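Have a look at the structure below before the remarks.
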Amino acid sequence: MRKALLLTLAILATVVTALIAAPAFKPSLSLTEAASMMTRTAVIVSILFVWIVAAIVVTLISGREIRYSSIELRTSPLHCFALGLVAVTSFVLTAILFSYLIPYVVGIPLLLALAVFAIITKIYGTIAVFHAVGTIVANARSREALSRRRWLRGDLAMVVVGVLLLGAIRLIPVVGVIVWGIASIFGVGTALATKFGRREPWFLVWRPVSAD
Amino acid sequence: MNADCQRYAEDPETHAAHIRDCVACREMYALLNTPVESKAVNVEKLPLAAWEGADYRSWPLVLGGALALLTVAFSLCMVAGISLFTAMTAGARFDWRGILASASEAVRPLGPIGFAAAFLIVNTILILLLRRAPRGIDA
């Protein structure tokens, strides 16, 4: 009963979102517009394929870290979002500062280092968001349910479910871009909050040396 | 704890008389001798931990999902008349120079002092937020 209600609400929300976000209905789409829309969709789905491959590889290499970041995202979403917003703003401001240093050569390696760090943070964080979304939607709620499942369990499965779900949302015009933007902010936040799933402090606490 | 208490702690049998005289020791040892109530833990009733079944690799789902996406992407690229590689490079393209230029334009009205202040404030908040220990597993 509860599942049916949730499913109905989800379908209703999707329909309402699609109706609001969809471009104004035109009885006849010009050939150029149709081709452009098809190319755009092809590009989005191709990038989704790259995302699923990256997600599978990263989860196979460091599944535990992705899980820790996903747990952090689900337990402290507001902190992750705030940290993500501040971090993205910091990246932009730091990039502007480094761009002023380009004439003094040192700006280029600094900019490159910042770009690499930002890209790694974004990719890792987005994969953690895939895991979190997959877990929220498809994870087993009890041990019996978990033992009954043959395919839909484990970190890899949760990540794939997350990619497919967020990928389907990405295909909705306007809404998809907004949702992926928000997911990126959450991702950057959770990646930094857990130090890429290692759960170590970023800064050491300073204490004076004592004789004993 | 005085010297008598210390001696009793070291050799309770020899200094057995001390426990009758010292109220503090009597209370403390009474507390220590209280049997701990132990109940059998029903593991099945505990909530499902995040790591349970996490290492399981569901290859049919993973390969099926990836292949389905590849098939859809390939079909769409064929219909659109572009190669899959072209679509991927077009999607991955990121105009960082344009974004950097527009961001620089956006902060120009702040002036050098305003920009320095914004930089310091944002990074201070970032450091403060990063100092919080992750809760995750302990929550």
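Residue numbering restarts at 1 for every chain of the structure tokens, chains are lettered A, B, ... in their displayed order, and ligands are numbered from 1 as they appear.
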Any idea which chain A residues end up within 7 Å of chain B if we count only C-alpha atoms, as a ChimeraX atom specification please? /A:35,38-39,42-47,49,52,68,71-72,75,83,86-87,90,93,96,141-143,151,153-157,160,193-194,199,201-203
Writing out the chosen residues with C-alpha atoms as a PDB file, in the first residue's frame:
ATOM      1  CA  ALA A  35      18.028  17.183 -35.447  1.00  0.00           C
ATOM      2  CA  MET A  38      18.444  14.426 -31.260  1.00  0.00           C
ATOM      3  CA  THR A  39      22.117  15.461 -31.249  1.00  0.00           C
ATOM      4  CA  ALA A  42      22.856  11.649 -28.095  1.00  0.00           C
ATOM      5  CA  VAL A  43      25.554  13.757 -26.434  1.00  0.00           C
ATOM      6  CA  ILE A  44      23.868  13.476 -23.008  1.00  0.00           C
ATOM      7  CA  VAL A  45      23.459   9.684 -23.240  1.00  0.00           C
ATOM      8  CA  SER A  46      27.055   9.283 -24.481  1.00  0.00           C
ATOM      9  CA  ILE A  47      28.295  11.220 -21.463  1.00  0.00           C
ATOM     10  CA  PHE A  49      27.857   6.020 -20.638  1.00  0.00           C
ATOM     11  CA  ILE A  52      28.647   4.690 -15.722  1.00  0.00           C
ATOM     12  CA  TYR A  68      31.614   6.135   3.556  1.00  0.00           C
ATOM     13  CA  ILE A  71      26.761   7.461   4.287  1.00  0.00           C
ATOM     14  CA  GLU A  72      27.997  10.936   5.223  1.00  0.00           C
ATOM     15  CA  THR A  75      23.394  11.476   7.481  1.00  0.00           C
ATOM     16  CA  LEU A  83      30.399  22.703   2.279  1.00  0.00           C
ATOM     17  CA  VAL A  86      31.410  27.181  -0.164  1.00  0.00           C
ATOM     18  CA  ALA A  87      33.995  24.918  -1.827  1.00  0.00           C
ATOM     19  CA  SER A  90      36.310  29.016  -3.148  1.00  0.00           C
ATOM     20  CA  LEU A  93      37.707  32.769  -6.354  1.00  0.00           C
ATOM     21  CA  ILE A  96      40.475  34.094 -10.431  1.00  0.00           C
ATOM     22  CA  ARG A 141      15.560  -2.471   4.356  1.00  0.00           C
ATOM     23  CA  SER A 142      16.020  -5.767   6.207  1.00  0.00           C
ATOM     24  CA  ARG A 143      18.294  -8.816   6.235  1.00  0.00           C
ATOM     25  CA  TRP A 151      21.185  -8.802  -8.252  1.00  0.00           C
ATOM     26  CA  ARG A 153      22.573  -5.531  -3.681  1.00  0.00           C
ATOM     27  CA  GLY A 154      26.104  -4.350  -3.115  1.00  0.00           C
ATOM     28  CA  ASP A 155      27.895  -1.064  -3.757  1.00  0.00           C
ATOM     29  CA  LEU A 156      28.255  -1.619  -7.510  1.00  0.00           C
ATOM     30  CA  ALA A 157      24.538  -2.222  -7.980  1.00  0.00           C
ATOM     31  CA  VAL A 160      24.561   1.710 -11.268  1.00  0.00           C
ATOM     32  CA  ALA A 193      33.697  16.385   4.224  1.00  0.00           C
ATOM     33  CA  THR A 194      35.033  12.817   4.296  1.00  0.00           C
ATOM     34  CA  ARG A 199      37.481  10.031   7.151  1.00  0.00           C
ATOM     35  CA  PRO A 201      40.993  15.258   9.510  1.00  0.00           C
ATOM     36  CA  TRP A 202      42.133  17.845   6.975  1.00  0.00           C
ATOM     37  CA  PHE A 203      44.046  19.822   9.588  1.00  0.00           C
TER      38      PHE A 203
END
Rounded to one decimal place, report the CA of Thr89 (chain A)-CA of Ile119 (chain A) distance in Å.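 These two atoms are separated by 14.5 Å.
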Could you tell me, as a ChimeraX atom specification, which residues of region 47-181 of chain A DSSP assigns to alpha helix (DSSP H) when given the backbone? /A:47-61,63-75,77-100,107-138,143-148,155-170,175-181
Who sits within 9 Å of Leu171 (chain A), only C-alpha atoms, same chain under 4 positions skipped, as a ChimeraX atom specification: /A:41,44-45,166-167,175-177
Calculate how many Å separate CA of Arg148 (chain A) from CA of Val161 (chain A), rounding to one decimal.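 CA of Val161 (chain A) lies 18.2 Å from CA of Arg148 (chain A).
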Find the residues near region 14-24 of chain B: any atom within 12 Å, counting only C-alpha atoms, skip ones fewer than 4 places away on the same chain, and give them as JSON, numbers by chain. {"B": [1, 2, 3, 4, 5, 6, 7, 8, 9, 10, 28, 29, 30, 31]}
Limited to C-alpha atoms, could you put the picked residues into a file as an mmCIF file, in the first residue's frame?
data_model
loop_
_atom_site.group_PDB
_atom_site.id
_atom_site.type_symbol
_atom_site.label_atom_id
_atom_site.label_comp_id
_atom_site.auth_asym_id
_atom_site.auth_seq_id
_atom_site.Cartn_x
_atom_site.Cartn_y
_atom_site.Cartn_z
ATOM 1 C CA MET B 1 42.115 6.742 48.691
ATOM 2 C CA ASN B 2 44.524 6.601 51.660
ATOM 3 C CA ALA B 3 47.360 4.194 52.444
ATOM 4 C CA ASP B 4 45.001 1.635 54.094
ATOM 5 C CA CYS B 5 42.816 1.580 51.028
ATOM 6 C CA GLN B 6 45.888 1.079 48.850
ATOM 7 C CA ARG B 7 47.075 -1.843 51.017
ATOM 8 C CA TYR B 8 43.607 -3.435 50.852
ATOM 9 C CA ALA B 9 43.576 -3.069 47.070
ATOM 10 C CA GLU B 10 46.978 -4.779 46.846
ATOM 11 C CA MET B 28 33.203 0.935 45.647
ATOM 12 C CA TYR B 29 33.760 -2.824 45.958
ATOM 13 C CA ALA B 30 30.038 -3.415 46.291
ATOM 14 C CA LEU B 31 29.577 -1.608 43.019
#
Write out as number ranges by chain each polymer residue whose atoms come within 10 Å of region 106-116 of chain A, counting only C-alpha atoms; drop sequence neighbours fewer than 3 positions from it. A: 91-92, 94-103, 119-122; B: 96
Quick one: pull the distance between CA of Ser30 (chain A) and CA of Pro173 (chain A), Å, one decimal.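 Separation between CA of Ser30 (chain A) and CA of Pro173 (chain A): 18.2 Å.
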Using only C-alpha atoms, the best pick from A:Ala138, A:Val88, A:Ala82, A:Leu31 as closest to Ala118 (chain A) would be A:Val88
